[in-house]
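Engineer: Contents of input-v3.cif (mmCIF, C-alpha atoms) are given next:
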```cif
data_start
loop_
_atom_site.label_atom_id
_atom_site.label_comp_id
_atom_site.auth_asym_id
_atom_site.auth_seq_id
_atom_site.Cartn_x
_atom_site.Cartn_y
_atom_site.Cartn_z
CA MET A 1 -49.11 -147.60 66.68
CA ARG A 2 -48.07 -151.03 65.41
CA GLU A 3 -44.73 -149.64 64.32
CA LEU A 4 -44.32 -147.88 67.68
CA PHE A 5 -44.97 -151.19 69.47
CA ARG A 6 -42.22 -152.82 67.39
CA LYS A 7 -39.80 -150.02 68.22
CA LYS A 8 -40.65 -150.18 71.93
CA HIS A 9 -40.15 -153.96 71.78
CA GLU A 10 -36.68 -153.38 70.35
CA LEU A 11 -35.98 -150.78 73.01
CA TRP A 12 -36.92 -153.20 75.79
CA LEU A 13 -34.51 -155.77 74.31
CA ARG A 14 -31.75 -153.17 73.94
CA PHE A 15 -32.00 -152.24 77.64
CA LEU A 16 -32.37 -155.85 78.78
CA PHE A 17 -29.44 -157.22 76.80
CA GLY A 18 -27.41 -154.08 77.46
CA ALA A 19 -27.79 -154.73 81.20
CA LEU A 20 -26.95 -158.41 80.75
CA SER A 21 -23.84 -157.61 78.72
CA LEU A 22 -22.31 -155.52 81.52
CA PRO A 23 -20.41 -156.90 84.50
CA SER A 24 -22.62 -156.96 87.62
CA GLY A 25 -22.80 -153.56 89.30
CA GLU A 26 -24.75 -150.34 89.57
CA MET A 27 -24.82 -149.63 85.84
CA SER A 28 -26.13 -153.08 85.00
CA ASP A 29 -28.77 -152.88 87.75
CA ARG A 30 -29.92 -149.48 86.50
CA LEU A 31 -30.27 -150.67 82.89
CA MET A 32 -32.14 -153.75 84.11
CA ASP A 33 -34.61 -151.49 85.95
CA PHE A 34 -35.05 -149.42 82.79
CA ALA A 35 -35.70 -152.62 80.85
CA GLY A 36 -38.45 -153.45 83.36
CA ILE A 37 -39.99 -149.99 82.83
CA GLU A 38 -39.87 -150.44 79.05
CA LEU A 39 -41.62 -153.80 79.40
CA ARG A 40 -44.41 -152.12 81.40
CA HIS A 41 -44.68 -149.46 78.67
CA LEU A 42 -45.08 -152.29 76.17
CA LYS A 43 -47.86 -153.82 78.25
CA TRP A 44 -49.74 -150.53 78.53
CA LEU A 45 -49.26 -149.82 74.84
CA ALA A 46 -50.60 -153.27 73.95
CA GLN A 47 -53.64 -152.68 76.19
CA LYS A 48 -54.26 -149.30 74.52
CA MET A 49 -53.99 -150.85 71.07
CA ILE A 50 -56.46 -153.60 71.92
CA GLU A 51 -58.88 -151.06 73.43
CA GLU A 52 -58.69 -149.15 70.15
CA GLY A 53 -59.39 -152.29 68.12
CA LEU A 54 -55.81 -152.76 66.92
CA ASP A 55 -53.58 -155.78 67.32
CA PHE A 56 -49.85 -155.87 67.96
CA ASP A 57 -47.15 -158.24 66.80
CA TRP A 58 -43.64 -159.20 67.81
CA ASP A 59 -41.99 -158.34 64.49
CA ARG A 60 -38.76 -156.45 64.76
CA GLU A 61 -35.61 -155.72 62.86
CA ASN A 62 -32.46 -157.75 63.35
CA PHE A 63 -30.09 -155.40 65.11
CA SER A 64 -26.74 -155.61 66.78
CA ILE A 65 -26.43 -155.43 70.55
CA ALA A 66 -22.65 -155.88 70.60
CA HIS A 67 -20.52 -153.16 72.19
CA ILE A 68 -17.01 -153.20 73.52
CA SER A 69 -17.61 -150.74 76.32
CA SER A 70 -20.41 -149.15 78.34
CA LYS A 71 -19.89 -145.76 76.72
CA GLY A 72 -20.81 -147.09 73.27
CA LEU A 73 -23.77 -148.95 74.79
CA CYS A 74 -25.11 -145.86 76.58
CA GLU A 75 -24.71 -143.68 73.48
CA SER A 76 -26.62 -146.15 71.37
CA LEU A 77 -29.40 -146.40 73.98
CA GLN A 78 -29.71 -142.61 74.04
CA GLU A 79 -29.93 -142.49 70.26
CA GLU A 80 -32.60 -145.22 70.15
CA LEU A 81 -34.63 -143.58 72.92
CA ARG A 82 -34.74 -140.30 71.00
CA LYS A 83 -35.77 -142.07 67.79
CA VAL A 84 -38.60 -143.97 69.48
CA GLN A 85 -39.97 -140.82 71.12
CA ARG A 86 -40.64 -139.31 67.69
CA GLY A 87 -43.44 -141.85 67.29
CA TYR A 88 -45.34 -140.95 70.47
CA GLY A 89 -48.82 -139.49 70.37
CA VAL A 90 -50.64 -137.39 72.92
CA GLY A 91 -52.30 -138.49 76.14
CA GLU A 92 -51.47 -139.76 79.61
CA LEU A 93 -49.67 -142.89 78.49
CA PHE A 94 -47.33 -141.06 76.16
CA GLU A 95 -46.72 -138.36 78.78
CA ARG A 96 -45.68 -141.10 81.19
CA MET A 97 -43.36 -142.65 78.59
CA VAL A 98 -41.73 -139.30 77.82
CA SER A 99 -41.28 -138.56 81.52
CA ASP A 100 -39.70 -141.97 82.23
CA GLU A 101 -37.40 -141.70 79.26
CA LYS A 102 -36.38 -138.14 80.07
CA TYR A 103 -34.96 -139.53 83.31
CA MET A 104 -33.39 -142.48 81.47
CA LEU A 105 -31.67 -140.09 79.04
CA PHE A 106 -30.36 -138.03 81.96
CA MET A 107 -28.99 -141.11 83.73
CA LEU A 108 -27.46 -142.52 80.54
CA GLU A 109 -25.65 -139.22 80.04
CA LYS A 110 -24.32 -139.43 83.61
CA MET A 111 -23.11 -143.00 83.00
CA HIS A 112 -20.70 -141.68 80.35
CA SER A 113 -18.33 -140.63 83.12
CA GLU A 114 -17.48 -144.28 83.74
CA ASP A 115 -16.40 -146.49 80.84
CA ILE A 116 -16.68 -150.21 81.62
CA ALA A 117 -15.25 -152.84 79.27
CA ILE A 118 -17.75 -155.35 77.87
CA SER A 119 -16.60 -158.91 77.17
CA ALA A 120 -20.00 -160.54 76.63
CA PHE A 121 -19.56 -160.74 72.84
CA ASP A 122 -15.90 -161.78 72.51
CA LYS A 123 -16.67 -165.47 71.78
CA ARG A 124 -13.95 -166.64 74.16
CA LEU A 125 -15.93 -169.84 74.91
CA PHE A 126 -14.25 -170.34 78.23
CA TYR A 127 -16.02 -171.46 81.37
CA GLU A 128 -13.85 -172.30 84.32
CA GLY A 129 -14.22 -175.82 85.64
CA LEU A 130 -16.06 -177.24 82.63
CA ASP A 131 -14.61 -179.95 80.42
CA GLU A 132 -14.99 -179.68 76.66
CA GLY A 133 -18.01 -181.98 76.35
CA SER A 134 -19.96 -180.24 79.11
CA LYS A 135 -19.11 -176.89 77.65
CA ASN A 136 -20.36 -177.85 74.19
CA ALA A 137 -23.57 -179.21 75.68
CA LEU A 138 -23.99 -176.04 77.72
CA ILE A 139 -23.48 -173.79 74.68
CA GLN A 140 -26.08 -175.69 72.67
CA PHE A 141 -28.51 -175.67 75.60
CA LEU A 142 -28.11 -171.93 76.13
CA PHE A 143 -28.75 -170.97 72.51
CA GLU A 144 -31.86 -173.15 72.36
CA GLU A 145 -33.27 -172.24 75.75
CA LEU A 146 -32.63 -168.51 75.41
CA TYR A 147 -34.84 -168.56 72.33
CA LYS A 148 -37.42 -170.79 74.04
CA GLU A 149 -37.75 -168.49 77.06
CA TYR A 150 -38.11 -165.45 74.79
CA GLU A 151 -40.72 -167.32 72.75
CA LEU A 152 -42.61 -168.11 75.96
CA ILE A 153 -42.45 -164.50 77.18
CA VAL A 154 -43.90 -163.06 73.96
CA THR A 155 -46.48 -165.83 73.63
CA TYR A 156 -47.74 -165.56 77.22
CA PHE A 157 -47.71 -161.77 76.91
CA TYR A 158 -49.81 -162.00 73.75
CA SER A 159 -52.20 -164.47 75.40
CA ALA A 160 -52.45 -162.37 78.57
CA MET A 161 -53.36 -159.30 76.55
CA HIS A 162 -56.07 -161.19 74.68
CA THR A 163 -57.77 -163.04 77.51
CA ASP A 164 -60.92 -161.85 79.26
CA SER A 165 -60.27 -164.14 82.23
CA ILE A 166 -58.52 -162.53 85.19
CA HIS A 167 -57.55 -165.99 86.45
CA LEU A 168 -55.85 -166.89 83.19
CA TYR A 169 -54.20 -163.46 83.11
CA LYS A 170 -52.66 -164.13 86.53
CA VAL A 171 -51.31 -167.50 85.39
CA PHE A 172 -49.78 -165.94 82.27
CA GLU A 173 -48.28 -163.15 84.37
CA ASP A 174 -46.57 -165.70 86.62
CA LEU A 175 -45.28 -167.63 83.63
CA ILE A 176 -43.94 -164.43 82.03
CA ASN A 177 -42.06 -163.51 85.21
CA GLU A 178 -40.63 -167.01 85.51
CA SER A 179 -39.48 -166.98 81.88
CA ILE A 180 -37.90 -163.55 82.26
CA TYR A 181 -35.89 -164.89 85.16
CA HIS A 182 -34.80 -167.94 83.17
CA LEU A 183 -33.94 -165.83 80.12
CA LYS A 184 -31.83 -163.51 82.28
CA SER A 185 -30.04 -166.44 83.92
CA PHE A 186 -29.23 -168.12 80.59
CA ALA A 187 -28.15 -164.82 79.02
CA LEU A 188 -25.73 -164.21 81.90
CA LEU A 189 -24.13 -167.60 81.28
CA MET A 190 -23.87 -166.74 77.58
CA ALA A 191 -22.23 -163.43 78.47
CA LYS A 192 -19.74 -165.35 80.61
CA LEU A 193 -18.90 -167.50 77.57
CA GLY A 194 -18.70 -164.43 75.32
CA ILE A 195 -21.64 -165.52 73.14
CA LEU A 196 -24.42 -163.23 74.31
CA SER A 197 -26.85 -162.71 71.45
CA LEU A 198 -30.42 -161.68 70.83
CA PRO A 199 -32.91 -164.49 70.47
CA ARG A 200 -34.27 -164.72 66.95
CA VAL A 201 -37.64 -163.20 65.99
CA VAL A 202 -40.62 -165.36 66.96
CA MET A 203 -42.82 -166.25 64.00
CA LYS A 204 -46.46 -165.09 64.17
CA GLU A 205 -47.76 -168.61 63.78
CA VAL A 206 -46.30 -169.44 67.20
CA TYR A 207 -48.03 -166.81 69.34
CA LYS A 208 -51.14 -166.17 67.22
CA PHE A 209 -52.37 -169.74 67.70
CA GLU A 210 -55.94 -170.94 67.36
CA ASP A 211 -56.10 -173.46 70.16
CA LEU A 212 -54.89 -172.34 73.61
CA LYS A 213 -55.45 -175.78 75.10
CA GLU A 214 -53.24 -177.41 72.48
CA PHE A 215 -50.61 -174.72 72.99
CA LEU A 216 -50.56 -175.35 76.75
CA GLN A 217 -50.42 -179.12 76.30
CA LYS A 218 -47.46 -178.74 73.92
CA GLY A 219 -45.94 -176.35 76.46
CA ILE A 220 -46.15 -179.01 79.16
CA GLU A 221 -44.35 -181.49 76.88
CA GLU A 222 -41.64 -178.89 76.23
CA GLU A 223 -41.26 -178.23 79.96
CA ILE A 224 -40.77 -181.97 80.51
CA ALA A 225 -38.11 -182.04 77.76
CA ALA A 226 -36.40 -178.97 79.27
CA LYS A 227 -36.40 -180.70 82.66
CA GLU A 228 -34.58 -183.68 81.14
CA GLN A 229 -32.00 -181.38 79.57
CA CYS A 230 -31.45 -179.56 82.87
CA LEU A 231 -31.05 -182.86 84.68
CA ALA A 232 -28.55 -184.12 82.09
CA LEU A 233 -26.56 -180.90 82.32
CA SER A 234 -26.66 -180.90 86.10
CA GLN A 235 -25.19 -184.41 86.10
CA ALA A 236 -22.67 -183.68 83.33
CA VAL A 237 -21.11 -180.53 84.73
CA LYS A 238 -18.51 -180.84 87.45
CA ASP A 239 -18.88 -177.25 88.59
CA GLU A 240 -21.01 -177.32 91.77
CA GLU A 241 -22.59 -173.90 91.33
CA LEU A 242 -23.65 -174.66 87.76
CA SER A 243 -24.89 -178.11 88.73
CA ARG A 244 -27.04 -176.65 91.51
CA PHE A 245 -28.30 -173.96 89.13
CA PHE A 246 -29.60 -176.57 86.69
CA ASP A 247 -31.24 -178.53 89.52
CA PHE A 248 -32.91 -175.31 90.64
CA ILE A 249 -34.17 -174.53 87.10
CA ASN A 250 -35.29 -178.15 86.70
CA ASN A 251 -37.35 -177.92 89.89
CA GLN A 252 -38.88 -174.61 88.81
CA GLU A 253 -40.16 -176.30 85.64
CA ASP A 254 -42.31 -178.56 87.84
CA TYR A 255 -44.36 -175.62 89.02
CA HIS A 256 -44.63 -174.24 85.47
CA ILE A 257 -46.30 -177.50 84.55
CA VAL A 258 -48.69 -177.06 87.50
CA LEU A 259 -49.49 -173.51 86.34
CA MET A 260 -50.14 -174.67 82.79
CA GLN A 261 -52.34 -177.53 84.00
CA LYS A 262 -54.23 -174.98 86.09
CA ALA A 263 -54.71 -172.82 82.97
CA ILE A 264 -56.01 -175.81 80.99
CA LYS A 265 -58.61 -176.48 83.70
CA MET A 266 -59.82 -172.86 83.42
CA LEU A 267 -60.60 -173.23 79.71
CA MET B 1 -3.99 -172.08 80.91
CA GLU B 2 -7.47 -171.59 79.46
CA GLN B 3 -8.90 -174.70 77.87
CA GLU B 4 -9.86 -174.42 74.21
CA VAL B 5 -13.30 -175.63 73.22
CA VAL B 6 -13.66 -177.58 70.00
CA ILE B 7 -16.92 -176.28 68.61
CA ASP B 8 -17.46 -175.29 65.01
CA PRO B 9 -17.19 -171.49 64.82
CA LYS B 10 -19.67 -171.57 61.91
CA TYR B 11 -22.23 -173.16 64.30
CA ILE B 12 -21.76 -170.36 66.81
CA GLU B 13 -22.01 -167.75 64.06
CA LEU B 14 -25.23 -169.24 62.66
CA MET B 15 -26.79 -169.56 66.10
CA MET B 16 -25.98 -165.91 66.79
CA ASN B 17 -26.88 -164.63 63.30
CA PRO B 18 -28.81 -167.18 61.24
CA THR B 19 -28.44 -166.33 57.55
CA ASN B 20 -31.52 -164.93 55.77
CA TYR B 21 -33.64 -165.24 58.92
CA GLY B 22 -36.78 -163.15 59.06
CA GLU B 23 -40.13 -162.41 57.50
CA MET B 24 -40.60 -161.20 53.92
CA LYS B 25 -43.48 -158.77 53.56
CA GLU B 26 -43.76 -158.91 49.76
CA PHE B 27 -43.04 -162.37 48.43
CA ASP B 28 -43.72 -164.44 45.32
CA ALA B 29 -44.09 -167.68 47.27
CA LYS B 30 -44.54 -168.84 50.84
CA GLY B 31 -44.48 -172.39 52.19
CA TYR B 32 -44.64 -174.14 55.52
CA GLY B 33 -42.91 -177.31 56.70
CA LYS B 34 -44.18 -178.93 59.84
CA ASN B 35 -43.18 -181.79 62.10
CA GLN B 36 -46.47 -182.84 63.64
CA GLU B 37 -44.77 -184.90 66.30
CA SER B 38 -42.66 -182.12 67.79
CA GLY B 39 -44.65 -179.07 66.64
CA GLU B 40 -41.54 -177.70 64.90
CA MET B 41 -42.39 -175.45 62.01
CA VAL B 42 -40.48 -173.64 59.28
CA VAL B 43 -41.83 -170.97 56.97
CA ILE B 44 -39.94 -170.02 53.80
CA TYR B 45 -40.58 -166.94 51.67
CA LEU B 46 -39.21 -166.63 48.13
CA LYS B 47 -38.73 -163.77 45.74
CA VAL B 48 -38.39 -165.16 42.20
CA ASP B 49 -37.35 -163.49 38.97
CA PRO B 50 -40.17 -164.47 36.58
CA LYS B 51 -37.92 -164.22 33.51
CA ASN B 52 -35.50 -166.97 34.51
CA ARG B 53 -37.13 -168.44 37.68
CA ILE B 54 -34.06 -167.60 39.75
CA ILE B 55 -34.61 -167.25 43.51
CA THR B 56 -33.37 -163.71 44.03
CA ASP B 57 -34.19 -163.53 47.72
CA ILE B 58 -35.16 -165.91 50.49
CA LYS B 59 -36.29 -165.44 54.07
CA TRP B 60 -37.28 -168.05 56.59
CA GLN B 61 -38.33 -168.46 60.21
CA THR B 62 -38.65 -171.33 62.63
CA ASN B 63 -39.68 -172.20 66.16
CA GLY B 64 -37.38 -175.23 65.98
CA CYS B 65 -34.27 -176.46 67.71
CA GLY B 66 -30.64 -175.52 67.07
CA THR B 67 -30.18 -178.16 64.37
CA THR B 68 -33.24 -176.89 62.50
CA LEU B 69 -31.91 -173.35 62.82
CA VAL B 70 -28.52 -174.29 61.40
CA SER B 71 -30.14 -176.39 58.62
CA GLY B 72 -32.42 -173.48 57.72
CA ALA B 73 -29.54 -171.04 57.53
CA LEU B 74 -27.36 -173.34 55.42
CA PHE B 75 -30.18 -174.43 53.09
CA SER B 76 -31.24 -170.81 52.55
CA GLU B 77 -27.68 -170.00 51.48
CA GLU B 78 -27.91 -172.87 48.97
CA TYR B 79 -31.29 -171.87 47.56
CA LYS B 80 -30.48 -168.21 47.01
CA GLY B 81 -29.34 -167.66 43.42
CA LYS B 82 -30.55 -171.07 42.21
CA THR B 83 -33.45 -171.54 39.79
CA ILE B 84 -36.62 -173.09 41.20
CA GLU B 85 -35.71 -176.30 39.33
CA SER B 86 -32.18 -176.44 40.79
CA GLY B 87 -33.65 -175.78 44.23
CA VAL B 88 -36.00 -178.75 43.81
CA GLU B 89 -33.10 -180.95 42.64
CA PHE B 90 -31.05 -179.90 45.66
CA THR B 91 -34.00 -180.64 47.97
CA GLU B 92 -34.58 -184.09 46.47
CA ALA B 93 -30.89 -184.84 47.01
CA VAL B 94 -31.34 -183.72 50.65
CA PHE B 95 -34.27 -186.13 51.11
CA GLU B 96 -32.16 -188.93 49.67
CA LYS B 97 -29.20 -188.07 51.89
CA ILE B 98 -31.06 -187.74 55.18
CA LYS B 99 -33.40 -190.71 54.90
CA ASP B 100 -30.89 -192.99 56.61
CA ASN B 101 -30.11 -190.51 59.42
CA PRO B 102 -31.49 -191.10 62.92
CA PRO B 103 -35.10 -189.78 62.98
CA PRO B 104 -34.59 -186.72 65.21
CA ASP B 105 -31.60 -185.50 63.14
CA ALA B 106 -33.34 -186.22 59.85
CA ALA B 107 -36.47 -184.36 60.96
CA CYS B 108 -34.57 -181.11 61.52
CA GLY B 109 -33.24 -181.00 57.96
CA GLU B 110 -36.42 -182.40 56.46
CA VAL B 111 -38.72 -179.78 57.96
CA VAL B 112 -36.73 -177.05 56.16
CA ALA B 113 -36.70 -178.98 52.89
CA ARG B 114 -40.47 -179.59 53.16
CA ALA B 115 -41.05 -175.86 53.62
CA PHE B 116 -39.10 -175.18 50.43
CA MET B 117 -41.16 -177.74 48.49
CA ALA B 118 -44.35 -176.13 49.84
CA ALA B 119 -43.08 -172.71 48.70
CA VAL B 120 -42.40 -174.11 45.23
CA LYS B 121 -45.98 -175.45 45.07
CA ASP B 122 -47.22 -172.05 46.17
CA TYR B 123 -45.15 -170.38 43.45
CA GLU B 124 -46.53 -172.64 40.72
CA ASN B 125 -50.07 -172.08 41.95
CA ARG B 126 -49.66 -168.33 42.08
CA GLN B 127 -48.53 -168.45 38.45
CA LYS B 128 -51.97 -169.93 37.72
CA GLY B 129 -53.66 -167.29 39.86
CA ILE B 130 -54.38 -169.66 42.76
CA GLU B 131 -53.60 -168.36 46.25
CA ARG B 132 -53.82 -170.74 49.18
CA GLU B 133 -51.61 -171.76 52.09
CA HIS B 134 -49.17 -174.60 51.42
CA MET B 135 -47.90 -176.83 54.19
CA GLU B 136 -45.86 -180.02 53.84
CA TYR B 137 -45.28 -182.45 56.66
CA VAL B 138 -42.20 -184.33 57.82
CA THR B 139 -42.58 -187.91 56.65
CA LEU B 140 -39.13 -189.47 56.42
CA SER B 141 -38.43 -189.40 60.13
CA CYS B 142 -41.90 -189.69 61.62
CA PRO B 143 -44.37 -190.89 59.03
CA THR B 144 -47.61 -188.93 59.19
CA GLU B 145 -50.47 -188.51 56.78
CA GLU B 146 -51.15 -185.00 55.55
CA PRO B 147 -54.50 -184.00 57.07
CA LYS B 148 -57.26 -183.83 54.46
#
```
Rewrite the coordinates I just gave you, this time as structure tokens.
Structural biologist:
Amino acid sequence: MRELFRKKHELWLRFLFGALSLPSGEMSDRLMDFAGIELRHLKWLAQKMIEEGLDFDWDRENFSIAHISSKGLCESLQEELRKVQRGYGVGELFERMVSDEKYMLFMLEKMHSEDIAISAFDKRLFYEGLDEGSKNALIQFLFEELYKEYELIVTYFYSAMHTDSIHLYKVFEDLINESIYHLKSFALLMAKLGILSLPRVVMKEVYKFEDLKEFLQKGIEEEIAAKEQCLALSQAVKDEELSRFFDFINNQEDYHIVLMQKAIKML
Amino acid sequence: MEQEVVIDPKYIELMMNPTNYGEMKEFDAKGYGKNQESGEMVVIYLKVDPKNRIITDIKWQTNGCGTTLVSGALFSEEYKGKTIESGVEFTEAVFEKIKDNPPPDAACGEVVARAFMAAVKDYENRQKGIEREHMEYVTLSCPTEEPK
């Protein structure tokens, strides 16, 4: 089941980044919904593994997500879905997965009728209204923060699955949802610049930590640092929409700190 | 007309696909480098040919920043194909070179180099049949004592 978890993890990322690579529209929305379903499958699979005395990890292969059009993307998603299904067992959870993915396969087949060009990987490095310095700072910020948000998602997920406290679980759930939103927002900016890429694999030592309190305290320090970066970017960029976006993210970090402080008090 | 951005294409490439990044399941040596101030960590895995002590494969992972990521990728390219001794020489030259850099910049390179030195210690110990975790700490940029 460990291997199946890794494959489902990859599948979630393939749907998520597939959706983010497409221009906004029905196809992107649909793939984003499927990514959400795959993430729920992951959660249920993790719960099942823990109930059976197994542990899961966030190891995965390095794989390419780059496609030049939606047809190639849909074909590759269909292929990966079929491969993953070979690893399913029997029982209600696997029946649910098969049923969901049967519909996904049907919809992916239907999507072939429309072929949409994908420019998220063309490395054009152009962002209207940004001077060179702001653009360089933005690129660096996006690469670093995309990884950070992914790291937070997998770490909070791991912690949520391993806590017996319903209160802590709720805090982790909020933090996961917040980080998913941030990851999606940063990935969309990367797609706009033509540099959309998968975040690198998170090392075990990061999410299998010994001291939750220390992890949360470090997390608060990182949130403060991220706030400073958002503030600097907000002031540096001349584009109003982007400037407001970084103010908005900066302000969201404040409540993350509150949530993490709340979690520390529960320990 | 679209404005051209002056950013090193190699940087973009390494951020998107860092060379040799990942975990090695079967390794001959494993070492950690850690910056206790920032919590940044690097782990390096080595596969070594016992006949000539050449590093035939290398993998590494980090939770660090972009500079650490780029340093890790570039250093791993350097280490691969070198003997353990040449790798140590290269690392000592790195320590010498970065000691005058501003602390945050130096720390990013140093944490990778420390991980390599820890992996070398692990390799030598494994040759003597000793298996224990090796971690080396960033000292040039933020002096810290290794915990006893």
Engineer: Which one is closest to B:Met135: B:Asn101, B:Gln36, B:Leu14, B:Tyr21? Count only C-alpha atoms.
Structural biologist: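 Of B:Asn101, B:Gln36, B:Leu14, B:Tyr21, the one nearest B:Met135, counting only C-alpha atoms, is B:Gln36.
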Engineer: Residues of chain B within 10 Å of chain A, counting all atoms listed in the file - could you list those as number ranges by chain?
Structural biologist: B: 2-9, 11-13, 15-18, 21-23, 38-43, 60-67, 69
Engineer: My list of candidates is B:Ser86, B:Thr139, B:Asn20, B:Asn52. Which is closest to B:Asn35 when distances are computed with all atoms listed in the file?
Structural biologist: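 Using all atoms listed in the file, B:Asn35 sits closest to B:Thr139.
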Engineer: With 3 Å of padding per side, what axis-aligned box (centre and edge lengths, Å, one decimal) covers all the listed atoms of stretch 100-113 of chain A? Give it as AutoDock Vina command-line options.
Structural biologist:
```
--center_x -29.0 --center_y -140.5 --center_z 81.4 --size_x 27.4 --size_y 11.0 --size_z 10.7
```
Engineer: To one decimal place in Å, what is the distance between atom CA of A:Leu193 and atom CA of A:Val154?
Structural biologist: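 So the two atoms, atom CA of A:Leu193 and atom CA of A:Val154, lie 25.6 Å apart.
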Engineer: How many Å separate atom CA of A:Asp57 from atom CA of A:Ile249?
Structural biologist: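 Rounded to one decimal, the two atoms are 29.1 Å apart.
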Engineer: Please indicate the distance in Å from atom CA of A:Phe17 to atom CA of A:Gly72, rounded to one decimal place.
Structural biologist: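 Distance reported for this atom pair: 13.8 Å.
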Engineer: Output stretch 85-96 of chain B with N, CA and C atoms present, as a JSON list (two decimals), in the frame of the given file.
Structural biologist:
```json
[["chain", "number", "residue", "atom", "x", "y", "z"],
["B", 85, "GLU", "N", -35.99, -174.91, 39.69],
["B", 85, "GLU", "CA", -35.71, -176.30, 39.33],
["B", 85, "GLU", "C", -34.46, -176.82, 40.06],
["B", 86, "SER", "N", -33.40, -176.02, 40.09],
["B", 86, "SER", "CA", -32.18, -176.44, 40.79],
["B", 86, "SER", "C", -32.43, -176.58, 42.29],
["B", 87, "GLY", "N", -33.29, -175.71, 42.80],
["B", 87, "GLY", "CA", -33.65, -175.78, 44.23],
["B", 87, "GLY", "C", -34.36, -177.09, 44.53],
["B", 88, "VAL", "N", -35.26, -177.48, 43.63],
["B", 88, "VAL", "CA", -36.00, -178.75, 43.81],
["B", 88, "VAL", "C", -35.02, -179.93, 43.75],
["B", 89, "GLU", "N", -34.10, -179.87, 42.77],
["B", 89, "GLU", "CA", -33.10, -180.95, 42.64],
["B", 89, "GLU", "C", -32.27, -181.07, 43.93],
["B", 90, "PHE", "N", -31.84, -179.92, 44.42],
["B", 90, "PHE", "CA", -31.05, -179.90, 45.66],
["B", 90, "PHE", "C", -31.87, -180.52, 46.80],
["B", 91, "THR", "N", -33.15, -180.16, 46.88],
["B", 91, "THR", "CA", -34.00, -180.64, 47.97],
["B", 91, "THR", "C", -34.21, -182.15, 47.87],
["B", 92, "GLU", "N", -34.40, -182.63, 46.64],
["B", 92, "GLU", "CA", -34.58, -184.09, 46.47],
["B", 92, "GLU", "C", -33.31, -184.83, 46.90],
["B", 93, "ALA", "N", -32.16, -184.23, 46.59],
["B", 93, "ALA", "CA", -30.89, -184.84, 47.01],
["B", 93, "ALA", "C", -30.80, -184.85, 48.55],
["B", 94, "VAL", "N", -31.34, -183.79, 49.17],
["B", 94, "VAL", "CA", -31.34, -183.72, 50.65],
["B", 94, "VAL", "C", -32.19, -184.86, 51.21],
["B", 95, "PHE", "N", -33.39, -185.05, 50.63],
["B", 95, "PHE", "CA", -34.27, -186.13, 51.11],
["B", 95, "PHE", "C", -33.55, -187.48, 51.02],
["B", 96, "GLU", "N", -32.86, -187.67, 49.90],
["B", 96, "GLU", "CA", -32.16, -188.93, 49.67],
["B", 96, "GLU", "C", -31.06, -189.12, 50.72]]
```
